[in-house]
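Listing of start_15.cif, mmCIF, C-alpha atoms and all ligand atoms
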data_start
loop_
_atom_site.label_atom_id
_atom_site.label_comp_id
_atom_site.auth_asym_id
_atom_site.auth_seq_id
_atom_site.Cartn_x
_atom_site.Cartn_y
_atom_site.Cartn_z
CA MET A 29 21.22 15.51 11.99
CA LYS A 30 23.58 12.53 12.37
CA THR A 31 26.87 12.51 10.49
CA ILE A 32 27.86 9.22 8.91
CA LEU A 33 31.34 8.60 7.55
CA VAL A 34 31.17 6.23 4.57
CA VAL A 35 34.61 4.75 4.00
CA GLY A 36 34.81 3.34 0.47
CA GLY A 37 31.73 5.35 -0.51
CA ALA A 38 32.87 5.81 -4.12
CA GLY A 39 32.70 2.07 -4.79
CA TYR A 40 29.87 -0.09 -6.08
CA ILE A 41 28.08 -0.82 -2.82
CA GLY A 42 29.20 2.31 -0.94
CA SER A 43 27.94 4.69 -3.64
CA HIS A 44 24.45 3.17 -3.54
CA ILE A 45 24.42 3.48 0.25
CA VAL A 46 25.51 7.13 0.08
CA LYS A 47 22.53 7.87 -2.17
CA GLN A 48 20.11 6.15 0.21
CA LEU A 49 21.63 7.77 3.33
CA LEU A 50 21.18 11.20 1.76
CA LYS A 51 17.58 10.33 0.89
CA ALA A 52 17.03 9.26 4.50
CA GLY A 53 18.26 12.66 5.72
CA TYR A 54 21.74 11.90 7.07
CA HIS A 55 24.76 14.20 6.77
CA VAL A 56 27.17 12.05 4.78
CA VAL A 57 30.95 12.33 4.56
CA ILE A 58 32.69 10.06 2.07
CA PHE A 59 36.31 8.92 2.54
CA ASP A 60 37.84 7.11 -0.44
CA ASN A 61 41.20 6.89 -2.20
CA LEU A 62 39.52 6.15 -5.55
CA SER A 63 41.72 3.06 -6.02
CA THR A 64 38.72 1.13 -7.33
CA GLY A 65 35.94 3.70 -6.88
CA TYR A 66 34.78 6.67 -8.94
CA ARG A 67 34.34 10.29 -7.91
CA LYS A 68 31.33 10.59 -10.24
CA ALA A 69 29.59 7.75 -8.39
CA VAL A 70 29.36 9.93 -5.29
CA LEU A 71 26.04 11.66 -5.87
CA GLY A 72 26.14 13.96 -2.86
CA GLY A 73 27.52 14.49 0.62
CA GLU A 74 31.02 15.77 1.30
CA PHE A 75 33.80 13.92 -0.49
CA PHE A 76 37.19 13.53 1.15
CA LEU A 77 40.02 12.03 -0.94
CA GLY A 78 42.10 9.97 1.46
CA ASP A 79 43.74 6.62 2.03
CA LEU A 80 43.20 4.38 5.05
CA ALA A 81 46.93 3.64 4.95
CA ASN A 82 47.60 7.31 5.69
CA ARG A 83 46.88 8.21 9.30
CA ASP A 84 47.15 11.95 8.52
CA ASP A 85 44.30 11.65 6.00
CA LEU A 86 42.20 9.92 8.62
CA GLN A 87 43.16 12.42 11.29
CA ARG A 88 42.04 15.30 9.05
CA VAL A 89 38.61 13.87 8.38
CA PHE A 90 37.97 13.00 12.03
CA GLN A 91 39.14 16.46 13.13
CA THR A 92 36.95 18.21 10.56
CA TYR A 93 33.67 16.41 11.21
CA SER A 94 31.87 15.26 14.32
CA ILE A 95 31.11 11.71 13.24
CA ASP A 96 28.32 9.66 14.81
CA ALA A 97 28.95 6.36 13.03
CA VAL A 98 31.21 4.83 10.40
CA MET A 99 30.21 2.54 7.56
CA HIS A 100 33.28 0.69 6.33
CA PHE A 101 33.18 -0.61 2.75
CA ALA A 102 36.82 -0.05 1.75
CA SER A 103 38.72 -3.20 0.88
CA PHE A 104 40.02 -5.22 -2.00
CA ILE A 105 37.41 -7.71 -3.07
CA GLN A 106 38.61 -10.26 -5.61
CA VAL A 107 38.65 -13.81 -4.34
CA GLY A 108 40.96 -15.10 -7.11
CA GLU A 109 43.44 -12.24 -6.82
CA SER A 110 43.64 -12.70 -3.05
CA VAL A 111 44.98 -16.23 -3.57
CA HIS A 112 47.86 -14.94 -5.69
CA GLN A 113 48.53 -11.65 -3.87
CA PRO A 114 47.60 -12.23 -0.23
CA ASN A 115 49.91 -9.44 1.01
CA LYS A 116 47.81 -6.85 -0.84
CA TYR A 117 44.68 -8.17 0.92
CA TYR A 118 46.06 -8.47 4.46
CA GLN A 119 47.54 -4.99 4.19
CA ASN A 120 44.46 -3.16 2.92
CA ASN A 121 41.68 -5.20 4.44
CA VAL A 122 43.18 -5.88 7.86
CA VAL A 123 46.05 -3.48 8.65
CA ASN A 124 44.30 -0.44 7.15
CA THR A 125 41.07 -1.35 8.95
CA ILE A 126 42.98 -1.28 12.25
CA ASN A 127 44.12 2.27 11.37
CA LEU A 128 40.49 3.24 10.92
CA LEU A 129 39.34 1.62 14.17
CA ASP A 130 42.13 3.23 16.16
CA ILE A 131 41.39 6.70 14.84
CA MET A 132 37.70 6.14 15.61
CA LEU A 133 38.58 5.31 19.21
CA ALA A 134 40.91 8.30 19.47
CA HIS A 135 37.94 10.52 18.55
CA GLY A 136 35.37 8.67 20.65
CA VAL A 137 33.48 7.25 17.64
CA LYS A 138 32.22 3.88 18.79
CA ALA A 139 29.68 2.72 16.22
CA CYS A 140 30.60 0.89 13.03
CA ILE A 141 28.91 -1.03 10.26
CA PHE A 142 31.30 -3.42 8.56
CA SER A 143 31.03 -5.01 5.10
CA SER A 144 31.64 -8.67 5.66
CA THR A 145 30.98 -11.55 3.33
CA ALA A 146 29.73 -15.07 2.82
CA ALA A 147 33.34 -15.93 1.98
CA ILE A 148 34.09 -16.19 5.74
CA PHE A 149 32.25 -19.53 5.85
CA GLY A 150 34.26 -21.42 3.24
CA GLU A 151 32.77 -24.68 1.95
CA PRO A 152 29.52 -24.91 3.91
CA GLN A 153 28.67 -27.85 6.15
CA ILE A 154 24.95 -27.01 6.08
CA ILE A 155 22.85 -25.05 3.55
CA PRO A 156 21.38 -22.49 4.04
CA ILE A 157 24.12 -20.83 6.08
CA ASP A 158 23.10 -19.08 9.28
CA GLU A 159 25.23 -16.76 11.41
CA LYS A 160 26.45 -19.52 13.72
CA HIS A 161 27.76 -21.71 10.92
CA PRO A 162 31.49 -22.51 11.46
CA LYS A 163 33.87 -20.04 9.83
CA ASN A 164 36.47 -21.65 7.62
CA PRO A 165 37.35 -19.23 4.81
CA ALA A 166 38.66 -20.90 1.65
CA ASN A 167 40.76 -17.97 0.46
CA PRO A 168 42.79 -15.03 1.84
CA TYR A 169 40.01 -12.55 0.99
CA GLY A 170 37.55 -14.41 3.21
CA ARG A 171 40.20 -14.75 5.92
CA THR A 172 40.79 -10.98 5.97
CA LYS A 173 37.08 -10.40 6.55
CA TRP A 174 36.85 -13.03 9.28
CA MET A 175 39.93 -11.53 10.95
CA VAL A 176 38.31 -8.10 10.98
CA GLU A 177 35.12 -9.55 12.46
CA GLN A 178 37.22 -11.07 15.28
CA ILE A 179 39.15 -7.82 15.76
CA LEU A 180 35.83 -5.98 16.04
CA ALA A 181 34.64 -8.43 18.70
CA ASP A 182 37.84 -7.82 20.70
CA TYR A 183 37.50 -4.03 20.29
CA ASP A 184 33.95 -4.26 21.59
CA LYS A 185 35.06 -6.18 24.69
CA ALA A 186 38.04 -3.94 25.38
CA TYR A 187 36.89 -0.51 24.17
CA ASP A 188 33.06 -0.71 23.85
CA LEU A 189 33.24 -0.13 20.10
CA ARG A 190 29.93 -1.52 18.81
CA ALA A 191 29.92 -3.03 15.33
CA ILE A 192 27.31 -4.61 13.12
CA CYS A 193 28.88 -6.96 10.59
CA LEU A 194 26.74 -7.41 7.50
CA ARG A 195 27.74 -10.51 5.58
CA TYR A 196 26.60 -10.03 2.03
CA PHE A 197 26.29 -13.04 -0.16
CA ASN A 198 26.61 -11.94 -3.81
CA ALA A 199 25.78 -8.25 -4.18
CA ALA A 200 24.26 -7.65 -7.61
CA GLY A 201 21.93 -5.41 -9.60
CA ALA A 202 21.89 -1.63 -9.91
CA ASP A 203 20.06 1.43 -8.68
CA PRO A 204 16.50 1.06 -10.11
CA GLU A 205 16.67 4.76 -11.09
CA CYS A 206 19.79 3.84 -13.10
CA GLN A 207 21.97 6.62 -11.65
CA LEU A 208 24.42 4.06 -10.28
CA GLY A 209 25.52 0.52 -11.00
CA GLU A 210 28.41 -1.91 -10.86
CA CYS A 211 31.60 -0.62 -12.43
CA HIS A 212 34.62 -2.64 -11.31
CA GLU A 213 37.80 -2.38 -13.37
CA PRO A 214 38.67 -5.09 -14.16
CA GLU A 215 35.20 -6.57 -13.72
CA THR A 216 35.34 -10.04 -12.17
CA HIS A 217 31.74 -10.54 -11.05
CA LEU A 218 29.52 -12.94 -12.93
CA ILE A 219 26.38 -10.88 -13.64
CA PRO A 220 28.08 -7.77 -15.10
CA LEU A 221 30.41 -9.98 -17.16
CA VAL A 222 27.49 -11.97 -18.56
CA LEU A 223 25.64 -8.76 -19.42
CA GLN A 224 28.71 -7.20 -21.04
CA THR A 225 28.83 -10.31 -23.23
CA ALA A 226 25.15 -9.89 -24.09
CA SER A 227 25.65 -6.23 -24.99
CA GLY A 228 28.67 -7.00 -27.17
CA ARG A 229 31.22 -5.23 -24.98
CA ARG A 230 32.84 -8.65 -24.42
CA LYS A 231 33.19 -11.57 -26.79
CA SER A 232 32.37 -14.36 -24.33
CA ILE A 233 31.83 -15.38 -20.74
CA THR A 234 33.94 -18.19 -19.29
CA VAL A 235 32.22 -20.51 -16.84
CA PHE A 236 34.73 -21.39 -14.13
CA GLY A 237 34.36 -25.15 -13.64
CA GLN A 238 31.59 -27.64 -14.43
CA LYS A 239 32.47 -30.47 -12.08
CA TYR A 240 31.34 -29.00 -8.78
CA ASP A 241 29.04 -31.06 -6.60
CA THR A 242 25.91 -29.21 -7.74
CA PRO A 243 23.02 -30.33 -10.01
CA ASP A 244 24.52 -28.84 -13.20
CA GLY A 245 28.14 -28.91 -12.04
CA THR A 246 28.56 -25.11 -11.87
CA CYS A 247 28.85 -23.04 -8.68
CA ILE A 248 25.76 -21.88 -6.86
CA ARG A 249 25.47 -18.41 -5.30
CA ASP A 250 22.79 -16.36 -3.56
CA TYR A 251 22.44 -13.04 -5.42
CA VAL A 252 21.09 -10.12 -3.41
CA HIS A 253 19.95 -6.80 -4.89
CA ILE A 254 22.06 -3.78 -4.03
CA GLN A 255 18.91 -1.85 -3.10
CA ASP A 256 17.98 -4.50 -0.55
CA LEU A 257 21.50 -4.31 0.86
CA CYS A 258 21.00 -0.55 1.24
CA GLN A 259 17.80 -1.15 3.20
CA ALA A 260 19.64 -3.53 5.55
CA HIS A 261 22.41 -0.99 6.13
CA ILE A 262 20.00 1.78 7.01
CA LEU A 263 18.07 -0.47 9.40
CA ALA A 264 21.31 -1.60 11.04
CA LEU A 265 22.50 2.00 11.31
CA GLU A 266 19.27 3.10 12.99
CA GLN A 267 19.65 0.32 15.56
CA LEU A 268 23.30 1.15 16.17
CA LEU A 269 22.51 4.84 16.67
CA GLN A 270 19.82 3.85 19.17
CA GLY A 271 22.42 1.93 21.19
CA ALA A 272 22.10 -1.64 19.85
CA SER A 273 24.83 -4.11 20.78
CA SER A 274 27.26 -5.59 18.30
CA ALA A 275 25.79 -8.21 15.99
CA GLU A 276 26.29 -10.11 12.74
CA TYR A 277 23.75 -10.68 10.00
CA ASN A 278 23.84 -12.83 6.88
CA LEU A 279 22.24 -11.04 3.93
CA GLY A 280 20.94 -13.11 1.04
CA ASN A 281 17.64 -14.29 -0.40
CA GLY A 282 17.94 -17.91 0.67
CA GLU A 283 17.84 -19.16 -2.90
CA GLY A 284 20.86 -20.26 -4.87
CA PHE A 285 21.41 -20.02 -8.62
CA SER A 286 24.08 -21.84 -10.59
CA VAL A 287 26.34 -20.05 -13.03
CA ARG A 288 24.41 -21.71 -15.85
CA GLU A 289 21.07 -20.56 -14.43
CA VAL A 290 22.36 -17.00 -14.21
CA ILE A 291 23.41 -17.11 -17.88
CA GLU A 292 20.04 -18.59 -18.92
CA THR A 293 18.14 -15.91 -16.97
CA ALA A 294 20.33 -13.22 -18.56
CA GLN A 295 19.50 -14.64 -21.96
CA GLN A 296 15.76 -14.37 -21.19
CA VAL A 297 16.06 -10.83 -19.86
CA THR A 298 18.25 -9.46 -22.62
CA GLN A 299 16.85 -11.53 -25.49
CA ARG A 300 20.43 -11.70 -26.79
CA ALA A 301 22.66 -14.66 -27.55
CA ILE A 302 25.45 -15.04 -24.98
CA ASN A 303 28.64 -16.74 -26.08
CA VAL A 304 29.72 -19.17 -23.34
CA ILE A 305 33.12 -20.85 -22.94
CA TYR A 306 33.76 -23.57 -20.37
CA GLY A 307 37.00 -23.17 -18.42
CA ASP A 308 38.81 -24.44 -15.34
CA ASN A 309 37.80 -23.83 -11.73
CA ARG A 310 38.85 -20.46 -10.33
CA ALA A 311 41.21 -20.64 -7.34
CA GLY A 312 39.48 -20.09 -4.01
CA ASP A 313 35.90 -20.77 -5.20
CA THR A 314 33.47 -22.87 -3.16
CA ALA A 315 30.67 -24.91 -4.74
CA ARG A 316 27.66 -23.43 -2.98
CA LEU A 317 26.87 -20.39 -0.84
CA VAL A 318 23.25 -19.75 0.14
CA ALA A 319 22.14 -17.59 3.06
CA ASP A 320 19.78 -18.16 5.92
CA ALA A 321 18.87 -14.52 6.55
CA ARG A 322 16.06 -15.04 9.06
CA LYS A 323 18.00 -13.23 11.79
CA ALA A 324 18.20 -10.04 9.70
CA ARG A 325 14.49 -10.26 8.94
CA GLN A 326 13.56 -10.81 12.58
CA GLU A 327 15.96 -8.45 14.34
CA LEU A 328 16.48 -5.70 11.78
CA GLY A 329 13.07 -5.95 10.14
CA TRP A 330 14.82 -6.49 6.80
CA ASN A 331 12.33 -7.08 4.02
CA PRO A 332 13.98 -7.47 0.60
CA GLN A 333 11.98 -5.88 -2.22
CA PHE A 334 13.91 -7.22 -5.22
CA ALA A 335 14.59 -10.86 -4.38
CA ASP A 336 13.76 -12.16 -7.85
CA LEU A 337 16.89 -12.96 -9.92
CA LYS A 338 15.16 -11.69 -13.06
CA THR A 339 14.61 -8.28 -11.49
CA ILE A 340 18.21 -8.15 -10.27
CA ILE A 341 19.43 -8.91 -13.80
CA GLN A 342 16.91 -6.50 -15.38
CA HIS A 343 18.24 -3.60 -13.30
CA ALA A 344 21.84 -4.58 -14.05
CA TRP A 345 20.93 -4.79 -17.77
CA GLN A 346 19.41 -1.32 -17.75
CA TRP A 347 22.72 -0.08 -16.28
CA GLU A 348 24.80 -2.03 -18.83
CA LEU A 349 22.84 -0.53 -21.74
CA GLN A 350 23.45 2.94 -20.33
CA GLN A 351 27.19 2.24 -19.97
CA LEU A 352 27.28 0.96 -23.53
CA LYS A 353 25.63 4.15 -24.82
CA ALA A 354 28.20 6.24 -22.93
CA THR A 355 31.09 4.45 -24.67
CA GLU A 356 29.60 4.80 -28.17
N1 LIG B 401 30.49 -6.95 -4.30
C1 LIG B 401 30.11 -8.02 -3.59
O1 LIG B 401 29.47 -8.94 -4.08
C2 LIG B 401 30.49 -8.11 -2.13
C3 LIG B 401 30.05 -9.22 -1.42
C4 LIG B 401 30.40 -9.32 -0.08
C5 LIG B 401 31.11 -8.32 0.55
N2 LIG B 401 31.51 -7.24 -0.17
C6 LIG B 401 32.27 -6.18 0.51
O2 LIG B 401 31.61 -4.94 0.32
C7 LIG B 401 32.57 -3.89 0.28
C8 LIG B 401 32.34 -3.03 -0.95
O3 LIG B 401 32.45 -3.83 -2.12
P1 LIG B 401 32.32 -3.18 -3.56
O4 LIG B 401 31.88 -4.24 -4.50
O5 LIG B 401 31.55 -1.92 -3.46
O6 LIG B 401 33.86 -2.84 -3.85
P2 LIG B 401 34.47 -1.58 -4.63
O7 LIG B 401 35.87 -1.96 -5.00
O8 LIG B 401 33.56 -1.12 -5.70
O9 LIG B 401 34.50 -0.46 -3.49
C9 LIG B 401 35.53 -0.35 -2.54
C10 LIG B 401 35.81 1.15 -2.35
O10 LIG B 401 36.80 1.30 -1.32
C11 LIG B 401 37.80 2.22 -1.76
N3 LIG B 401 39.06 1.84 -1.08
C12 LIG B 401 39.72 0.66 -1.14
N4 LIG B 401 40.82 0.71 -0.38
C13 LIG B 401 40.86 1.95 0.20
C14 LIG B 401 41.75 2.59 1.08
N5 LIG B 401 42.87 1.99 1.52
N6 LIG B 401 41.47 3.86 1.47
C15 LIG B 401 40.36 4.50 1.02
N7 LIG B 401 39.48 3.93 0.17
C16 LIG B 401 39.73 2.67 -0.24
C17 LIG B 401 37.86 2.02 -3.27
O11 LIG B 401 38.42 3.11 -3.97
C18 LIG B 401 36.38 1.81 -3.60
O12 LIG B 401 35.73 3.03 -3.84
C19 LIG B 401 33.94 -4.54 0.33
O13 LIG B 401 34.44 -4.45 1.64
C20 LIG B 401 33.66 -5.99 -0.04
O14 LIG B 401 34.58 -6.87 0.54
C21 LIG B 401 31.21 -7.10 -1.50
O1 LIG B 402 33.78 -14.89 -15.35
C1 LIG B 402 33.25 -15.51 -14.41
C2 LIG B 402 33.05 -14.93 -13.14
C3 LIG B 402 32.48 -15.70 -12.14
N1 LIG B 402 32.13 -16.99 -12.38
C4 LIG B 402 31.52 -17.79 -11.30
O2 LIG B 402 30.36 -17.12 -10.86
C5 LIG B 402 30.18 -17.28 -9.47
C6 LIG B 402 30.08 -15.91 -8.84
O3 LIG B 402 31.33 -15.26 -8.96
P1 LIG B 402 31.57 -13.74 -8.60
O4 LIG B 402 30.50 -12.93 -9.23
O5 LIG B 402 32.99 -13.41 -8.92
O6 LIG B 402 31.34 -13.68 -7.05
P2 LIG B 402 32.05 -14.52 -5.91
O7 LIG B 402 33.37 -15.02 -6.25
O8 LIG B 402 31.04 -15.52 -5.45
O9 LIG B 402 32.40 -13.42 -4.83
C7 LIG B 402 31.56 -12.32 -4.59
O10 LIG B 402 30.76 -12.68 -3.57
C8 LIG B 402 31.45 -12.93 -2.37
C9 LIG B 402 30.46 -13.43 -1.38
O11 LIG B 402 29.94 -14.66 -1.84
C10 LIG B 402 32.06 -11.60 -1.95
O12 LIG B 402 32.66 -11.70 -0.72
C11 LIG B 402 33.03 -11.15 -2.96
O13 LIG B 402 33.52 -9.88 -2.60
C12 LIG B 402 32.37 -11.08 -4.27
O14 LIG B 402 33.40 -10.90 -5.26
C13 LIG B 402 31.40 -18.06 -8.97
O15 LIG B 402 31.03 -19.39 -8.88
C14 LIG B 402 32.42 -17.91 -10.08
O16 LIG B 402 33.27 -19.03 -10.22
C15 LIG B 402 32.31 -17.56 -13.61
O17 LIG B 402 32.00 -18.73 -13.84
N2 LIG B 402 32.87 -16.80 -14.60
#

Please render this file's structure as C-alpha cells.
Ligand SMILES: NC(=O)c1ccc[n+]([C@@H]2O[C@H](COP(=O)([O-])OP(=O)(O)OC[C@H]3O[C@@H](n4cnc5c(N)ncnc54)[C@H](O)[C@@H]3O)[C@@H](O)[C@H]2O)c1
Ligand SMILES: O=c1ccn([C@@H]2O[C@H](COP(=O)(O)OP(=O)(O)O[C@H]3O[C@H](CO)[C@@H](O)[C@H](O)[C@H]3O)[C@@H](O)[C@H]2O)c(=O)[nH]1
Amino acid sequence: MKTILVVGGAGYIGSHIVKQLLKAGYHVVIFDNLSTGYRKAVLGGEFFLGDLANRDDLQRVFQTYSIDAVMHFASFIQVGESVHQPNKYYQNNVVNTINLLDIMLAHGVKACIFSSTAAIFGEPQIIPIDEKHPKNPANPYGRTKWMVEQILADYDKAYDLRAICLRYFNAAGADPECQLGECHEPETHLIPLVLQTASGRRKSITVFGQKYDTPDGTCIRDYVHIQDLCQAHILALEQLLQGASSAEYNLGNGEGFSVREVIETAQQVTQRAINVIYGDNRAGDTARLVADARKARQELGWNPQFADLKTIIQHAWQWELQQLKATE
C-alpha cells in the first residue's frame, strides 16, 4: 500500500482529496497547521498537526512514515489579500514550500503533486488558456504559485524530483455525499458567498466591478467541481507513482461564467431572492479566465463528471443548507 502525505489536507480541496485517496485504498497521512483548515474535515487517515515553517515538525513526519509521494495543498489563497500583504504570501507559499521540498529530498521522496492555479497566467492573451500560454501573474498570490512551479522545474533538473503541477481554475462545489464542502473563514469565494446570501446567513453579495471587457461587464471564470479535481489528482498520482515525468495540467471545464450568470444560476437552483450590491473592482482581479484542459483529458484521461454549473451550485447549496442547520 502506498503512503501519500497530504500537506494542507484539512482544507477545502485537501479534505476532499483525502476522502477520495482513502476510498482508492491509499495509506494517507495528513500534515496541516489548521491555520485555515479544520480537524473535523479530515475524515480518515493519520492526522499530524504541524507547520511547514517548522522544520522539526516536518522532520518528525518524514521520520515516522515511509512516504511514497506528497500532495501539496498548503498555502494562503486570497488574491485580494495577497496584494495588501505580499510578505505573508511569499513566506508561506514560497519559503515554506522550499522547506517541504528540501525535507522530501533529505528523505529520498521525489514525487510531488502541487496545487497551482489559473492565476499564474494573469490577463490572458488568448482564451481558452492552454499550458503554454505566457505566464504573467497579476497579483502576488499568482506570482507565488508561478515561482513554485519554476522552483519545481529546477529541482527536477538538479535533483530528479518529479512534480505534476495541477492548475485549477475556480474550484467549486462540494462532496456530493455532503460530508464535506467549502468552509473558508473569512469566505471570499463567489459561489459560497452567493449561497450564504440566498440562505440568509449574509445580507447581500457585492459584485466586484461591472466595467470589465466582458459581455455583461462582470468577470468571467471557469468553475470546476471539487469532485472532478479529485479525479484529476488521483490520475496524476497514479502516473507519478508509475514513474511519469514532471508535467503541468490546466484543470477547468472550458466554459466561462460571469459573476452575474453565477448569481442568476444560484437564484434558479435555490429558488430564493439574492440581494445584490454593485461595488468597485477587487485589486488583482483579471477579466476572464477560461481553461483549455485538453492536455489533462488526453494525457491523464481526465473526464469531468460534474461540468454543469447548475450541478456545481446544487452540491454547494446542499452543503450550505447543512451548514445553516448546524448553526441554528
Ligand atoms: N480554492 C480554489 O479555487 C483554488 C484554485 C486554484 C488553486 N488553489 C490552491 O489549492 C490549494 C488548496 O486550496 P483550498 O481552497 O483548499 O485552501 P484552504 O485554505 O481551504 O486549505 C489550505 C490548507 O493548508 C493548511 N496550511 C496553510 N499553511 C500551512 C502551513 N504553513 N503548514 C501547514 N498547513 C498549512 C491550512 O490550514 C488549510 O488546511 C491552495 O494551494 C490554493 O492555492 C485553490
Ligand atoms: O464577493 C465577491 C467575491 C468574488 N467576486 C468575483 O467573482 C469572481 C470569482 O472570485 P473568487 O471566487 O474569489 O475566485 P478568484 O478570485 O477567481 O480566485 C480563485 O480562483 C483562482 C484561480 O482562478 C485561485 O487561484 C484562487 O485561489 C481562488 O481564490 C471574481 O471575478 C471576483 O471578482 C465578486 O464579485 N464578489

What do you get as number ranges by chain if you pick all residues at most 7 Å from ligand LIG 401 (chain B), counting all atoms listed in the file?
A: 35-42, 59-66, 78-81, 101-105, 120, 124, 143-146, 195-200, 212

Set the cut-off to 6 Å, count all atoms listed in the file, and list whatever residues fall near ligand LIG 402 (chain B) as a PyMOL selection string.
chain A and resi 105-107+145-147+197-198+216-218+233-236+247+287+310+313

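Using only C-alpha atoms, the contacts of stretch 173-179 of chain A at a cut-off of 8 Å, with sequence neighbours closer than 6 positions omitted, comprise Asn121, Val122, Thr125, Ser144, Thr145, Ile148, Lys163, Pro165 and Cys193 of chain A.
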
Quick one: contact table of stretch 113-223 of chain A to stretch 290-305 of chain A, 8 Å max, nearest atom pair and distance in Å to one decimal per residue, counting only C-alpha atoms, chain and number order, as a Markdown table?
| residue | atom | partner | partner_atom | distance |
| --- | --- | --- | --- | --- |
| A:Ile219 | CA | A:Val290 | CA | 7.3 |
| A:Val222 | CA | A:Ile291 | CA | 6.6 |
| A:Leu223 | CA | A:Ala294 | CA | 7.0 |

What lies within 6 Å of stretch 256-273 of chain A using all atoms listed in the file, ignoring chain neighbours under 5 positions off, as an MDAnalysis selection string?
chainID A and resid 45 328 330 332

Atom CA of A:Asn278 and atom CA of A:Asp203 are how many Å apart?
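Between these atoms lies a distance of 21.4 Å.
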
My list of candidates is A:Leu317, A:Asn331, A:Cys211, A:Lys338. Which is closest to A:His161 when distances are computed with only C-alpha atoms?
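Of all the options, A:Leu317 lies closest to A:His161.
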
Here atom CA of A:Phe75 and atom CA of A:Lys353 stand apart by 27.5 Å

Between atom CA of A:Ser286 and atom CA of A:Gly209, what is the distance, to one decimal in Å?
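Going from atom CA of A:Ser286 over to atom CA of A:Gly209, I get 22.4 Å.
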
I'd like the contact shell of A:Glu356 - 12 Å cut-off, only C-alpha atoms, skipping same-chain residues fewer than 4 positions apart - returned as an MDAnalysis selection string.
chainID A and resid 228:229 349:352

Just C-alpha atoms for this one: save the residues we selected as a short mmCIF file (atom, residue, chain, number, x, y, z; two decimals), keeping the file's coordinate frame.
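Result written to again-v3.cif:
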data_model
loop_
_atom_site.label_atom_id
_atom_site.label_comp_id
_atom_site.auth_asym_id
_atom_site.auth_seq_id
_atom_site.Cartn_x
_atom_site.Cartn_y
_atom_site.Cartn_z
CA GLY A 228 28.67 -7.00 -27.17
CA ARG A 229 31.22 -5.23 -24.98
CA LEU A 349 22.84 -0.53 -21.74
CA GLN A 350 23.45 2.94 -20.33
CA GLN A 351 27.19 2.24 -19.97
CA LEU A 352 27.28 0.96 -23.53
#

Set the distance at 6 Å and use all atoms listed in the file: which residues neighbour A:Ile141 once local chain neighbours fewer than 2 positions away are removed? I'd like the list as an NGL selection string.
:A and (99 or 191-193)

Which residue of A:Val56, A:Cys140, A:Leu194, A:Leu221 approaches A:Met29 most closely, using only C-alpha atoms:
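Going through A:Val56, A:Cys140, A:Leu194, A:Leu221 one by one, the smallest distance to A:Met29 is for A:Val56.
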
Pick from A:Arg325, A:Lys185, A:Arg83, A:Arg249 nearest to A:Leu337, counting all atoms listed in the file:
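That would be A:Arg249, the residue with the smallest distance to A:Leu337.
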
May I ask which of the residues A:Asp188, A:Asp320, A:Glu327, A:Glu151 is the closest one to A:Gly136, counting only C-alpha atoms?
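Under the stated criterion, the closest residue is A:Asp188.
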
Skipping near chain neighbours, those fewer than 4 positions away, what residues fall within 10 Å of A:Ala134 using all atoms listed in the file, listed as an MDAnalysis selection string?
chainID A and resid 87 90 128:130 138

Around all the atoms of stretch 210-219 of chain A listed in the file, with 8 Å of room on each side, what axis-aligned box do you get, giving centre and edge lengths in Å to one decimal, as AutoDock Vina command-line options?
--center_x 32.5 --center_y -6.8 --center_z -12.5 --size_x 28.3 --size_y 28.3 --size_z 19.3

Restricting the calculation to all atoms listed in the file: of A:Thr31, A:Ser274, A:Thr225, A:Asn281, which residue gets closest to A:Asp250?
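Smallest separation from A:Asp250 among the options: A:Asn281.
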
Missing atoms of stretch 256-267 of chain A rebuilt to N, CA and C atoms, written as a PDB file, in the coordinates of the input:
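Resulting contents of out_0.pdb:
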ATOM      1  N   ASP A 256      18.345  -3.801  -1.782  1.00  0.00           N
ATOM      2  CA  ASP A 256      17.980  -4.500  -0.550  1.00  0.00           C
ATOM      3  C   ASP A 256      19.134  -4.452   0.457  1.00  0.00           C
ATOM      4  N   LEU A 257      20.355  -4.473  -0.043  1.00  0.00           N
ATOM      5  CA  LEU A 257      21.500  -4.310   0.860  1.00  0.00           C
ATOM      6  C   LEU A 257      21.458  -2.921   1.500  1.00  0.00           C
ATOM      7  N   CYS A 258      21.093  -1.925   0.695  1.00  0.00           N
ATOM      8  CA  CYS A 258      21.000  -0.550   1.240  1.00  0.00           C
ATOM      9  C   CYS A 258      19.988  -0.514   2.381  1.00  0.00           C
ATOM     10  N   GLN A 259      18.834  -1.147   2.149  1.00  0.00           N
ATOM     11  CA  GLN A 259      17.800  -1.150   3.200  1.00  0.00           C
ATOM     12  C   GLN A 259      18.364  -1.762   4.490  1.00  0.00           C
ATOM     13  N   ALA A 260      19.089  -2.874   4.366  1.00  0.00           N
ATOM     14  CA  ALA A 260      19.640  -3.530   5.550  1.00  0.00           C
ATOM     15  C   ALA A 260      20.629  -2.619   6.276  1.00  0.00           C
ATOM     16  N   HIS A 261      21.428  -1.883   5.501  1.00  0.00           N
ATOM     17  CA  HIS A 261      22.410  -0.990   6.130  1.00  0.00           C
ATOM     18  C   HIS A 261      21.720   0.128   6.912  1.00  0.00           C
ATOM     19  N   ILE A 262      20.671   0.655   6.333  1.00  0.00           N
ATOM     20  CA  ILE A 262      20.000   1.780   7.010  1.00  0.00           C
ATOM     21  C   ILE A 262      19.304   1.287   8.275  1.00  0.00           C
ATOM     22  N   LEU A 263      18.702   0.104   8.201  1.00  0.00           N
ATOM     23  CA  LEU A 263      18.070  -0.470   9.400  1.00  0.00           C
ATOM     24  C   LEU A 263      19.111  -0.748  10.476  1.00  0.00           C
ATOM     25  N   ALA A 264      20.251  -1.299  10.069  1.00  0.00           N
ATOM     26  CA  ALA A 264      21.310  -1.600  11.040  1.00  0.00           C
ATOM     27  C   ALA A 264      21.854  -0.312  11.649  1.00  0.00           C
ATOM     28  N   LEU A 265      21.993   0.711  10.816  1.00  0.00           N
ATOM     29  CA  LEU A 265      22.500   2.000  11.310  1.00  0.00           C
ATOM     30  C   LEU A 265      21.551   2.593  12.341  1.00  0.00           C
ATOM     31  N   GLU A 266      20.256   2.553  12.039  1.00  0.00           N
ATOM     32  CA  GLU A 266      19.270   3.100  12.990  1.00  0.00           C
ATOM     33  C   GLU A 266      19.405   2.408  14.335  1.00  0.00           C
ATOM     34  N   GLN A 267      19.538   1.072  14.288  1.00  0.00           N
ATOM     35  CA  GLN A 267      19.650   0.320  15.560  1.00  0.00           C
ATOM     36  C   GLN A 267      20.924   0.702  16.298  1.00  0.00           C
TER      37      GLN A 267
END
